Structure formats: C-alpha cells, structure tokens
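See structure below.
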Amino acid sequence: MRKVYYKSLFIFILAIQIANAQKPQKPNSAEIYNQIQKLNFLGTVLYIAAHPDDENTRLISYLSNDVHARTGYLSLTRGDGGQNLIGPQLRELLGVIRTQELLEARKIDGGEQFFSRANDFGYSKTAEETLQIWDKDKVLSDLVWAIRKFQPDVIINRFDHRTSGSTHGHHTTSAMLSVEGFDMANNPASYPEQLKLVPVWQPKRLFFNTSWWFYGSREKFEAANKSNLISFQTGIYYPTIGKSNQEIAALSRSRHQSQGFGNTGTRGEDSEYLEFLKGESLKDKASLFEGVDTSWNRVKGGKPIGELLTQIINQYDFKNPSASIPDLVKAYTMIQALEEEHWKNVKSEEIKNIITACSGLYLEAVANTQEATPGSAIKLKLEAINRSAINMQLVSVTTLPEQKNTLLNTDLKNNILNNPTLEIQLPLSLNYTQPYWLKEKGTVGMYVVDDQKNIGIPDIIRETKVIFSIKINGVEIPFERTIVYKYTDDVKGEMYNFLDIVPPVTTAIQDKVILFSGTKSKYIGVTIKAGKNDIKGDLKLDLPKDWTVSPKSIPFQLDKKGMEQTVYFEVTPSDQSCEVVAKSIATIDGVQYDKEQITINYDHITKQQVLKTAEVKCIRLDLKINGEKIAYIMGAGDEIPKSLAQMGYKVTILKPEEITPERMESFDVVMTGVRAYNTVQALANKQNILFDFVKGGKTMIVQYNTTDELVTQNIAPYPLEISSDRVTEENAEVRFLAPKHPALNYPNTITQSDFKGWKQEQGLYYPKQFDKAFTPILSSNDKGESAKDGALLIAPYGKGNYIYTGLSFFRELPEGVPGAYKLLSNMISIKSPVTIPNQKIKQ
C-alpha cells in the first residue's frame with residue numbers, strides 16, 4: 001500500500017522565489033526521506049516534446065515524486081524561435097534564457113533535462129516543413145543517443161505523431177521521431193558510432209500523453225473510446241509540505257517567465273491519460289512499469305543493496321537523519337562494487353547527495369573573483385563543515401581541470417567550521433565559459449556540436465571544479481563542487497554566481513545595425529573591456545575595402561580588470577547600396593580577440609555569459625524619412641526604439657502613466673511595442689487618450705498582439721478581431737492589395753524585392769475580421785493556404801490614421817532587413833487621413 005504520509009519533494013526547497021538560482025540546496029528531513037525512497041527505485045521515464053513549456057509538469061512531478069521514477073524531459077529545441085516577455089533577447093539569446101528556465105523548472109518538479117541540436121527556427125505549420133529545415137538524421141541521432149544514455153523503461157510523447165498540420169510542426173515532428181527512434185535505439189546498425197560510449201537500449205513501451213484538448217472539447221473526450229488508454233490520478237497531496245502535485249507543477253511551469261506562463265496550482269482529483277503506441281502492452285493497466293523490475297534486483301549483485309535501503313527507510317529518524325549515515329555509507333560501498341555501470345553511476349551520485357544532506361555536510365569552493373582568464377592565478381576559500389556526530393575527515397582536495405591534489409588530513413568535528421585556502425593556476429588551454437552549443441556558428445535549423453559526449457547536456461559545461469575527498473566511517477568518498485563566486489547584496493543578501501572564464505579583452509560595438517544614408521560617414525563606437533589587469537594593444541574595425549575606416553587602428557591600455565574604454569571610428573560607406581558586416585578586432589601581443597561578452601542576468605535563472613563575434617551590420621541604404629517625433633510604448637520587450645533611432649527619428653519611450661493629452665501633444669506618432677495589449681494593463685485606461693491623439697491628426701501604429709487575453713477589447717477605434725493567422729514562410733510571395741496607397745509609395749517606393757531576406761517569418765497573429773474602414777495593404781500566405789490579408793491594416797480616424805500590423809518588425813529591424821526599414825518609414829510618414837479603394841494587382 002502506498003505510504004502518502006511521509007511523501008515530500010527533495011527539490012521543493014527551490015520552489016520559493018530566490019534572488020539567484022545557484023544557491024546550494026539544503027533539503028530538510030522530509031525531503032531527505034523522499035530522496036532515500038527514490039534511491040530504492042530503479043525505473044526510468046523519458047518525456048519527449050519540442051520546446052520549453054511543452055512538457056506536462058503535472059505528469060513529470062507525479063512520476064518523479066510519487067512513483068519515485070527517474071524522470072527526464074527531452075526538449076528537442078531550446079525555444080530560440082519564440083518571443084520574450086521579460087526582455088529584448090531573441091533567437092539564440094532567448095534560447096539561453098529558456099534553457100535556464102527549464103533547468104529551474106526541473107529543480108522544482110524533480111525531473112532531469114535534455115536537448116537535441118535542433119534549432120527552434122520559429123513556427124512551423126507541418127512536420128514536413130520542419131524536416132526541410134531540421135537535419136532529420138542528426139535530430140533522430142540525438143534522440144536515439146538520449147534513449148541509449150538515459151535508458152528509459154517508458155517513453156511518453158507529449159504530441160500525436162499522426163496529426164501533422166493540426167498543431168505546430170515541431171510538435172508533431174518530436175512525436176514522429178520518438179516513434180521512429182523507439183526501435184532504432186536497440187538496433188546496433190543505427191548510429192553505430194554511439195556504441196563506443198553507450199550500449200543499445202530497448203524501452204519497454206511508448207505512450208502518447210493525450211487529453212481532452214487533442215479531441216477538441218471535454219465533451220468529445222468523454223464520449224471517445226478509451227479502450228487503448230490508461231489513466232491514473234495525479235492529484236496527489238503531500239502533507240509534509242502542504243502542497244498538491246498540481247501546485248508543485250504550477251510552480252515548475254511558472255519558471256517559464258520569458259513566455260509569461262505564470263500558473264496557479266489547483267487542488268483535488270486530477271487524471272492523466274496515456275495512449276499505448278508501441279512495445280509490450282499492459283495487461284491490467286495498473287502500472288507503467290508492468291513487467292519491469294524496478295527494485296535493485298534488476299542489477300546483478302543489487303539485491304542486498306535494496307534490502308539495506310529498505311531497512312534504512314523503515315528505520316529513518318526524522319529528528320536525526322544522521323543516524324542513517326553508517327548504513328548509507330555501507331550502501332555506497334556496495335554500489336561501488338557493482339559491475340553494471342549505468343545504475344552504479346546514477347545511484348552513486350544520488351546516495352552521495354543523501355549522505356551530505358543527512359550529515360549537514362556543507363562543502364563549497366569560493367573564488368576571490370567572478371571572472372578569470374586562462375593562465376591566471378586565483379585564490380579559493382574552501383568551506384567544509386560536518387554538522388553531525390559522525391566521524392569525518394577532509395583527506396584532500398583536487399582542483400579541476402589541472403588535477404592538482406592537495407593533502408589536508410583535517411578532522412571534521414561536529415559543527416566546527418574549516419576554511420582552508422588554495423591558490424590555483426588556471427591552464428592556458430582552459431575554455432571560455434559560454435553555452436557550448438553556441439561556440440560554432442550553426443544553421444537556421446541546427447546547432448553545431450561535434451563532440452558526441454556533449455550532445456544533450458542541458459547547461460554550460462563548467463570545467464573549474466573542486467573535488468573534496470571526505471572519509472566517513474573509514475570510507476573515502478569524493479564530492480564534486482563547481483567553483484562559485486559569492487557576495488553580499490544590501491537588499492537581496494547572499495548572492496551566488498559561478499566563476500566565469502573570460503578572454504583577456506572583449507569588445508562591443510554599440511549598435512548592432514547601422515544605417516548609412518547616401519555616402520555620408522558615421523562614427524561607430526566600440527567599447528573595450530579588460531578581462532585582466534594591465535592589458536594594452538590595438539583595436540581595428542574590419543570592413544570591406546570599398547568602405548573607408550579612419551583611423552586604421554586605435555591603441556588602448558587598460559590597467560585594471562573590468563575597466564572599459566570607448567573609442568570611435570569614422571566609417572564612410574561604399575558608393576553603392578549594399579550590406580556588409582564590420583568586425584572589431586583587438587590585438588594583444590600579436591594575438592587577436594574578436595569576442596563580445598554578453599551577460600544575461602535575471603533573478604529567476606543562473607547568470608549567463610555568452611560570447612559572440614563582436615560585429616555590426618552596416619547597411620548603405622537610400623532611406624527617406626520625415627522628421628516625426630515618435631512616442632514608443634514598450635510591450636513585452638523589443639529593440640525597435642533603437643532601430644527607429646538608427647533611422648534618424650527622435651524616439652521617446654513613454655511609460656503608460658505618462659500618457660496624458662498634454663504629453664501627447666509633442667509627438668507626431670505613437671507606436672505600441674509587441675504584445676503591448678497582452679502585457680500592459682494600464683493601456684486599458686489610456687485608449688481614449690490615444691484615439692483622441694489620432695483623431696486630432698496624428699498616427700498610431702499598433703504592433704502584433706496574440707489571441708491571449710487582451711487588457712481591453714477596444715485596441716482599435718473600429719472593430720478588429722485578432723486571429724491565429726500567420727505567414728511563417730519568410731520568403732512567401734507578397735501581393736499589394738492597394739498599390740497606390742502612400743504606405744507603399746511615400747517617401748520610399750516599396751517593391752517586391754523589399755520583402756526578400758526577411759528572417760524567420762513574415763508576420764503573425766493577423767486580424768481576420770476587421771471593419772470596412774480598414775484598408776488591407778498586403779496579402780500573402782504559406783504554401784497551400786488561403787490568402788492572409790491582415791498583415792497591414794490602415795484606417796482613417798478623425799484627422800489622423802490608425803495602423804495595425806502583424807508584420808514581424810521586431811525581428812526584421814534588429815536583423816537589418818532593408819525593406820522593413822523602408823516600409824516602416826512609410827507607415828510613420830502617413831499624414832492626412834487616407835482612404836484608398838482596395839486595388840488588387842492583376843495575377
């Protein structure tokens with residue numbers, strides 16, 4: 001019979017909102033008990049889907065914390081193609097954020113996280129389209145690798161492999177590849193190069209995690225034939241923490257802050273349904289693991305370990321967890337004697353965590369700096385404290401990657417702090433800290449990771465570590481800790497970051513896109529940052545020969561690490577319209593450095609360092625603008641104000657509380673950021689002021705919003721209904737519905753060529769139903785679909801014009817797409833009310 005009373009979540013301590021994500025776990029007695037229960041269960045489930053947020057956190061939490069199965073989530077992508085509700089980062093930088101959000105989610109629901117090399121290139125309508133952009137063989141190889149490495153007994157797909165075209169193409173593809181990889185993982189002829197590192201593996205069975213949503217309604221689901229489905233209750237309540245499984249799942253899902261997936265947990269009964277797809281069918285549908293020995297008996301020589309762990313569970317003292325340590329150390333020794341490597345490695349790490357938790361053994365290695373360069377020396381302050389009556393000894397510490405061993409032979413007496421210090425020399429060959437999947441330039445559909453061992457690893461690979469060798473009851477056990485840097489913030493208290501390895505010098509060009517009108521020169525600012533003390537060298541801006549740069553190079557000298565200096569180059573463009581890339585290169589002692597250090601720092605995730613090539617896209621473009629003053633109301637976050645400034649406009653970012661009739665008088669155009677009417681609640685009370693602004697002879701431009709809840713239904717002065725229509729094929733043909741409209745003619749002439757080179761998608765969430773006052777300007781569609789006419793809608797209102805657009809300016813402008821700049825300039829330049837009869841071009 002299942003014992004619910006003592007159930008808890010060993011990871012739940014991280015569910016609270018913390019100031020930074022790297023703080024060490026400090027489980028309580030009930031959480032330790034749950035860890036020991038999990039230690040005594042040898043069953044594994046792999047959940048598979050396409051993106052961060054696709055996973056069913058209710059099911060992952062249930063399997064991990066009620067069933068006690070080792071539970072993993074394989075997200076084929078890192079979510080690079082989505083939108084960002086918390087900041088301006090898009091594409092690969094957004095993928096870095098969503099990677100960390102998934103890792104934080106797994107800390108809460110108890111799962112583990114994996115990825116493939118697939119790049120989330122944006123919305124895809126079919127699996128066929130997805131596989132034209134992803135390298136199917138590589139993604140399938142990564143999925144097979146994950147199965148062989150994780151060795152799941154059960155695989156669960158989030159999506160239906162039989163329904164291409166009914167949902168995101170990535171979704172269906174994840175399921176299709178899972179069905180295909182289910183048998184391939186056990187075939188030695190499939191990706192044989194992997195077998196040097198992992199064995200073949202055959203999962204027991206494969207399921208599809210269905211629900212009423214896939215049937216269209218709850219009523220249809222209730223009426224459906226469920227003979228091939230199994231169901232189980234996931235609405236578990238954990239008395240020791242006072243939370244339901246659904247509440248824990250909601251906390252996990254709420255880690256997806258960049259997607260705005262804050263969630264409120266529920267209570268009471270809750271069911272999950274699985275449809276059997278492949279493998280050995282269930283006879284009584286009572287357990288996913290039917291026919292799988294999930295006890296230690298499945299491992300040769302494991303039976304006595306299971307018996308000992310059962311004894312530890314039965315005798316566990318919630319008031320004194322350290323009483324279990326002698327038997328836990330004995331179990332650790334027995335695990336080390338096993339021949340079978342997979343469970344030996346998995347359970348060795350689990351039991352070491354339990355031993356430290358039971359004894360209050362706290363081990364930490366803190367650097368005296370947050371950043372260091374290869375070849376430099378850093379000081380470490382170690383902490384080792386045993387908060388139990390168990391005899392322990394700190395035998396030695398080994399620093400990685402240099403493999404330097406320092407003997408200490410220090411007794412760790414109960415609650416007596418030990419703070420030895422070390423000075424270590426970092427190897428010159430040490431890699432810089434950065435997401436390993438971004439180290440080499442990938443393709444639209446795939447990241448490049450050549451080392452098979454690294455494929456699927458979720459996080460940054462950090463090489464600087466310390467191994468504490470602790471002798472407990474005569475048994476020497478190694479405990480590995482990643483080197484951290486910590487400090488005290490006056491408001492947030494103790495703060496943790498990891499030690500980052502940085503180049504001796506990094507540079508950053510102030511703008512990522514620079515527009516040149518005609519042959520007039522511009523000054524380009526480059527900021528130089530020292531990664532260590534006493535650096536000096538020369539900086540140059542590398543451009544094609546038909547562009548002129550003055551001076552040719554600029555000397556620099558920075559005395560202290562962290563110091564910055566900004567210098568300026570005068571750049572004169574080519575005589576011809578073109579697009580080029582300028583790269584800043586710093587040279588020190590004959591060695592060139594071309595990286596920009598990008599820091600991503602949000603409270604809910606671990607601070608991230610990304611190193612990208614320091615470059616800027618320079619566009620020689622005959623762009624015509626008028627001198628409008630623009631008020632920009634930020635929405636979910638974008639960089640369009642920077643792009644508008646590049647175009648030559650005077651831009652003011654206006655806070656909602658600053659929207660008053662008097663304040664608006666000084667502007668010619670007001671523009672709302674992406675998803676503003678989904679995210680800025682205050683706009684609901686400002687619409688009359690904005691509409692009066694238009695009525696008085698000005699222009700209002702509203703960028704796309706989603707079909708999610710709007711802060712007001714009156715986002716336009718006329719009826720307008722947002723739909724899920726989108727054009728995902730960025731090079732789809734664009735037809736001009738009103739070719740004489742000023743939006744296509746003044747002050748720039750827009751042609752078909754202006755829609756070439758768009759990135760990721762043309763646009764999204766186009767209105768489908770709109771008032772006859774609107775003039776649709778453009779029409780386009782993906783292959784095989786009907787025309788979508790809601791990309792750009794313009795309506796006269798009073799003496800001014802209201803414009804709604806679903807075009808993805810938020811992607812195109814930061815990418816430096818010339819046609820997007822020209823079209824937006826025309827939209828801004830519209831003055832008097834314009835009513836143009838729809839004039840479709842002849843086909």
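Identifiers for the structure tokens are assigned positionally: chains receive A, B, ... in sequence, residues are indexed from 1 per chain, and ligands are indexed from 1 in the order shown.
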
From a DSSP calculation on the backbone, collect every residue of stretch 607-840 of chain A in alpha helix (DSSP H) and output the set as a PDB file with N, CA and C atoms, in the first residue's frame.
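Final file, selection-v4.pdb:
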```
ATOM      1  N   ILE A 640      12.985  47.773 -31.101  1.00  0.00           N
ATOM      2  CA  ILE A 640      12.586  48.659 -32.184  1.00  0.00           C
ATOM      3  C   ILE A 640      12.929  50.127 -31.903  1.00  0.00           C
ATOM      4  N   PRO A 641      12.828  50.622 -30.667  1.00  0.00           N
ATOM      5  CA  PRO A 641      13.239  52.019 -30.444  1.00  0.00           C
ATOM      6  C   PRO A 641      14.666  52.302 -30.898  1.00  0.00           C
ATOM      7  N   LYS A 642      15.584  51.349 -30.687  1.00  0.00           N
ATOM      8  CA  LYS A 642      16.956  51.526 -31.161  1.00  0.00           C
ATOM      9  C   LYS A 642      16.991  51.621 -32.687  1.00  0.00           C
ATOM     10  N   SER A 643      16.182  50.787 -33.333  1.00  0.00           N
ATOM     11  CA  SER A 643      16.138  50.802 -34.792  1.00  0.00           C
ATOM     12  C   SER A 643      15.557  52.104 -35.305  1.00  0.00           C
ATOM     13  N   LEU A 644      14.545  52.623 -34.638  1.00  0.00           N
ATOM     14  CA  LEU A 644      13.962  53.899 -35.044  1.00  0.00           C
ATOM     15  C   LEU A 644      14.978  55.025 -34.912  1.00  0.00           C
ATOM     16  N   ALA A 645      15.761  54.983 -33.844  1.00  0.00           N
ATOM     17  CA  ALA A 645      16.805  55.988 -33.671  1.00  0.00           C
ATOM     18  C   ALA A 645      17.842  55.881 -34.781  1.00  0.00           C
ATOM     19  N   GLN A 646      18.176  54.661 -35.179  1.00  0.00           N
ATOM     20  CA  GLN A 646      19.107  54.459 -36.285  1.00  0.00           C
ATOM     21  C   GLN A 646      18.566  55.064 -37.577  1.00  0.00           C
ATOM     22  N   MET A 647      17.266  54.994 -37.740  1.00  0.00           N
ATOM     23  CA  MET A 647      16.647  55.553 -38.948  1.00  0.00           C
ATOM     24  C   MET A 647      16.687  57.072 -38.957  1.00  0.00           C
ATOM     25  N   PRO A 661      -3.106  63.760 -22.373  1.00  0.00           N
ATOM     26  CA  PRO A 661      -3.332  64.596 -23.563  1.00  0.00           C
ATOM     27  C   PRO A 661      -2.234  65.646 -23.733  1.00  0.00           C
ATOM     28  N   GLU A 662      -1.785  66.229 -22.622  1.00  0.00           N
ATOM     29  CA  GLU A 662      -0.771  67.272 -22.693  1.00  0.00           C
ATOM     30  C   GLU A 662       0.569  66.686 -23.166  1.00  0.00           C
ATOM     31  N   ARG A 663       0.919  65.517 -22.649  1.00  0.00           N
ATOM     32  CA  ARG A 663       2.204  64.898 -23.019  1.00  0.00           C
ATOM     33  C   ARG A 663       2.187  64.476 -24.470  1.00  0.00           C
ATOM     34  N   MET A 664       1.058  64.038 -24.966  1.00  0.00           N
ATOM     35  CA  MET A 664       0.983  63.512 -26.321  1.00  0.00           C
ATOM     36  C   MET A 664       1.075  64.609 -27.377  1.00  0.00           C
ATOM     37  N   ALA A 676       1.812  44.592 -26.538  1.00  0.00           N
ATOM     38  CA  ALA A 676       1.533  45.597 -25.505  1.00  0.00           C
ATOM     39  C   ALA A 676       0.147  45.410 -24.903  1.00  0.00           C
ATOM     40  N   TYR A 677      -0.828  45.046 -25.756  1.00  0.00           N
ATOM     41  CA  TYR A 677      -2.196  44.893 -25.256  1.00  0.00           C
ATOM     42  C   TYR A 677      -2.431  43.529 -24.613  1.00  0.00           C
ATOM     43  N   ASN A 678      -1.387  42.701 -24.553  1.00  0.00           N
ATOM     44  CA  ASN A 678      -1.446  41.478 -23.756  1.00  0.00           C
ATOM     45  C   ASN A 678      -0.787  41.677 -22.398  1.00  0.00           C
ATOM     46  N   THR A 679       0.138  42.634 -22.307  1.00  0.00           N
ATOM     47  CA  THR A 679       1.008  42.700 -21.135  1.00  0.00           C
ATOM     48  C   THR A 679       0.945  43.990 -20.335  1.00  0.00           C
ATOM     49  N   GLN A 687      -6.865  54.255 -23.706  1.00  0.00           N
ATOM     50  CA  GLN A 687      -7.272  54.184 -25.109  1.00  0.00           C
ATOM     51  C   GLN A 687      -7.941  55.454 -25.603  1.00  0.00           C
ATOM     52  N   ASN A 688      -8.773  56.062 -24.792  1.00  0.00           N
ATOM     53  CA  ASN A 688      -9.450  57.285 -25.238  1.00  0.00           C
ATOM     54  C   ASN A 688      -8.450  58.390 -25.538  1.00  0.00           C
ATOM     55  N   ILE A 689      -7.402  58.469 -24.724  1.00  0.00           N
ATOM     56  CA  ILE A 689      -6.375  59.488 -24.961  1.00  0.00           C
ATOM     57  C   ILE A 689      -5.652  59.193 -26.270  1.00  0.00           C
ATOM     58  N   LEU A 690      -5.330  57.933 -26.501  1.00  0.00           N
ATOM     59  CA  LEU A 690      -4.611  57.550 -27.726  1.00  0.00           C
ATOM     60  C   LEU A 690      -5.487  57.749 -28.959  1.00  0.00           C
ATOM     61  N   PHE A 691      -6.766  57.400 -28.861  1.00  0.00           N
ATOM     62  CA  PHE A 691      -7.660  57.584 -30.002  1.00  0.00           C
ATOM     63  C   PHE A 691      -7.886  59.074 -30.285  1.00  0.00           C
ATOM     64  N   ASP A 692      -7.959  59.870 -29.244  1.00  0.00           N
ATOM     65  CA  ASP A 692      -8.091  61.314 -29.445  1.00  0.00           C
ATOM     66  C   ASP A 692      -6.829  61.877 -30.108  1.00  0.00           C
ATOM     67  N   PHE A 693      -5.690  61.304 -29.765  1.00  0.00           N
ATOM     68  CA  PHE A 693      -4.420  61.678 -30.393  1.00  0.00           C
ATOM     69  C   PHE A 693      -4.504  61.463 -31.907  1.00  0.00           C
ATOM     70  N   VAL A 694      -5.075  60.325 -32.309  1.00  0.00           N
ATOM     71  CA  VAL A 694      -5.242  60.038 -33.732  1.00  0.00           C
ATOM     72  C   VAL A 694      -6.285  60.963 -34.339  1.00  0.00           C
ATOM     73  N   LYS A 695      -7.382  61.116 -33.666  1.00  0.00           N
ATOM     74  CA  LYS A 695      -8.482  61.947 -34.175  1.00  0.00           C
ATOM     75  C   LYS A 695      -8.024  63.378 -34.432  1.00  0.00           C
ATOM     76  N   PHE A 809       8.185  43.216 -37.532  1.00  0.00           N
ATOM     77  CA  PHE A 809       9.211  44.256 -37.485  1.00  0.00           C
ATOM     78  C   PHE A 809      10.173  44.017 -36.327  1.00  0.00           C
ATOM     79  N   PHE A 810       9.684  43.451 -35.226  1.00  0.00           N
ATOM     80  CA  PHE A 810      10.527  43.231 -34.054  1.00  0.00           C
ATOM     81  C   PHE A 810      11.661  42.253 -34.338  1.00  0.00           C
ATOM     82  N   ARG A 811      11.495  41.435 -35.394  1.00  0.00           N
ATOM     83  CA  ARG A 811      12.582  40.554 -35.812  1.00  0.00           C
ATOM     84  C   ARG A 811      13.396  41.184 -36.941  1.00  0.00           C
ATOM     85  N   GLU A 812      12.717  41.817 -37.871  1.00  0.00           N
ATOM     86  CA  GLU A 812      13.378  42.264 -39.099  1.00  0.00           C
ATOM     87  C   GLU A 812      14.296  43.468 -38.878  1.00  0.00           C
ATOM     88  N   PRO A 818      16.550  45.658 -44.997  1.00  0.00           N
ATOM     89  CA  PRO A 818      16.310  46.993 -45.572  1.00  0.00           C
ATOM     90  C   PRO A 818      14.847  47.278 -45.869  1.00  0.00           C
ATOM     91  N   GLY A 819      14.138  46.324 -46.466  1.00  0.00           N
ATOM     92  CA  GLY A 819      12.749  46.558 -46.839  1.00  0.00           C
ATOM     93  C   GLY A 819      11.868  46.861 -45.654  1.00  0.00           C
ATOM     94  N   ALA A 820      12.177  46.263 -44.488  1.00  0.00           N
ATOM     95  CA  ALA A 820      11.389  46.521 -43.289  1.00  0.00           C
ATOM     96  C   ALA A 820      11.559  47.970 -42.840  1.00  0.00           C
ATOM     97  N   TYR A 821      12.767  48.484 -42.945  1.00  0.00           N
ATOM     98  CA  TYR A 821      13.004  49.892 -42.601  1.00  0.00           C
ATOM     99  C   TYR A 821      12.225  50.820 -43.529  1.00  0.00           C
ATOM    100  N   LYS A 822      12.243  50.526 -44.823  1.00  0.00           N
ATOM    101  CA  LYS A 822      11.565  51.387 -45.781  1.00  0.00           C
ATOM    102  C   LYS A 822      10.055  51.393 -45.555  1.00  0.00           C
ATOM    103  N   LEU A 823       9.484  50.204 -45.326  1.00  0.00           N
ATOM    104  CA  LEU A 823       8.038  50.123 -45.131  1.00  0.00           C
ATOM    105  C   LEU A 823       7.620  50.822 -43.845  1.00  0.00           C
ATOM    106  N   LEU A 824       8.391  50.630 -42.778  1.00  0.00           N
ATOM    107  CA  LEU A 824       8.039  51.279 -41.521  1.00  0.00           C
ATOM    108  C   LEU A 824       8.145  52.794 -41.645  1.00  0.00           C
ATOM    109  N   SER A 825       9.145  53.280 -42.373  1.00  0.00           N
ATOM    110  CA  SER A 825       9.261  54.724 -42.595  1.00  0.00           C
ATOM    111  C   SER A 825       8.019  55.270 -43.287  1.00  0.00           C
ATOM    112  N   ASN A 826       7.511  54.527 -44.275  1.00  0.00           N
ATOM    113  CA  ASN A 826       6.299  54.971 -44.963  1.00  0.00           C
ATOM    114  C   ASN A 826       5.100  55.002 -44.027  1.00  0.00           C
ATOM    115  N   MET A 827       4.989  54.000 -43.164  1.00  0.00           N
ATOM    116  CA  MET A 827       3.878  53.960 -42.215  1.00  0.00           C
ATOM    117  C   MET A 827       3.938  55.158 -41.270  1.00  0.00           C
ATOM    118  N   ILE A 828       5.138  55.485 -40.814  1.00  0.00           N
ATOM    119  CA  ILE A 828       5.309  56.613 -39.899  1.00  0.00           C
ATOM    120  C   ILE A 828       4.995  57.938 -40.595  1.00  0.00           C
ATOM    121  N   SER A 829       5.284  57.992 -41.900  1.00  0.00           N
ATOM    122  CA  SER A 829       5.169  59.251 -42.643  1.00  0.00           C
ATOM    123  C   SER A 829       3.751  59.598 -43.070  1.00  0.00           C
TER     124      SER A 829
END
```

Dump as CSV the rows for residues of stretch 521-598 of chain A within 12 Å of stretch 365-371 of chain A: closest atom pair and distance in Å with one decimal, only C-alpha atoms counted, ordered by chain and rising residue number.
```
residue,atom,partner,partner_atom,distance
A:Ala530,CA,A:Glu371,CA,10.8
A:Gly531,CA,A:Glu371,CA,7.5
A:Lys532,CA,A:Glu371,CA,8.7
A:Asn533,CA,A:Glu371,CA,11.8
A:Lys561,CA,A:Glu371,CA,9.1
A:Gly562,CA,A:Glu371,CA,9.1
A:Gln597,CA,A:Glu371,CA,11.7
```

Practice problem: Kindly indicate which residue among A:Asp782, A:Thr749, A:Ser281, A:Pro717 lies nearest to A:Gly798, using only C-alpha atoms for the distances. | Solution: A:Pro717

Self-check item: Which of A:His741, A:Arg735, A:Lys413, A:Arg218 sits closest to A:Lys788 [using only C-alpha atoms]
Solution: A:Arg735

Exercise. Determine, counting only C-alpha atoms, which protein, DNA and RNA residues have an atom within 8 Å of an atom of A:Thr464; residues of the same chain fewer than 5 positions away are not included. Present the result as a list in words.
Key: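 Everything that qualifies: Thr399, Leu400, Pro401, Thr482, Ile483 and Leu499 of chain A.
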
Practice problem: Excluding A:Arg98 and any residue of its chain fewer than 6 positions from it, enumerate the residues within 7 Å of it, using only C-alpha atoms, and give them as an MDAnalysis selection string. | Solution: chainID A and resid 52 78:79

Keeping N, CA, C and O atoms, export the residues of the selection given above as an mmCIF file, in the first residue's frame.
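Once everything was written out, this is part_39.cif:
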```cif
data_model
loop_
_atom_site.group_PDB
_atom_site.id
_atom_site.type_symbol
_atom_site.label_atom_id
_atom_site.label_comp_id
_atom_site.auth_asym_id
_atom_site.auth_seq_id
_atom_site.Cartn_x
_atom_site.Cartn_y
_atom_site.Cartn_z
ATOM 1 N N PRO A 52 10.737 24.229 -24.756
ATOM 2 C CA PRO A 52 10.473 24.599 -23.371
ATOM 3 C C PRO A 52 9.011 25.023 -23.264
ATOM 4 O O PRO A 52 8.536 25.775 -24.112
ATOM 5 N N ARG A 78 15.661 24.490 -27.785
ATOM 6 C CA ARG A 78 15.831 25.330 -26.599
ATOM 7 C C ARG A 78 14.900 26.541 -26.625
ATOM 8 O O ARG A 78 15.055 27.466 -25.825
ATOM 9 N N GLY A 79 13.934 26.552 -27.556
ATOM 10 C CA GLY A 79 12.942 27.624 -27.583
ATOM 11 C C GLY A 79 13.438 28.924 -28.171
ATOM 12 O O GLY A 79 12.906 30.000 -27.879
#
```
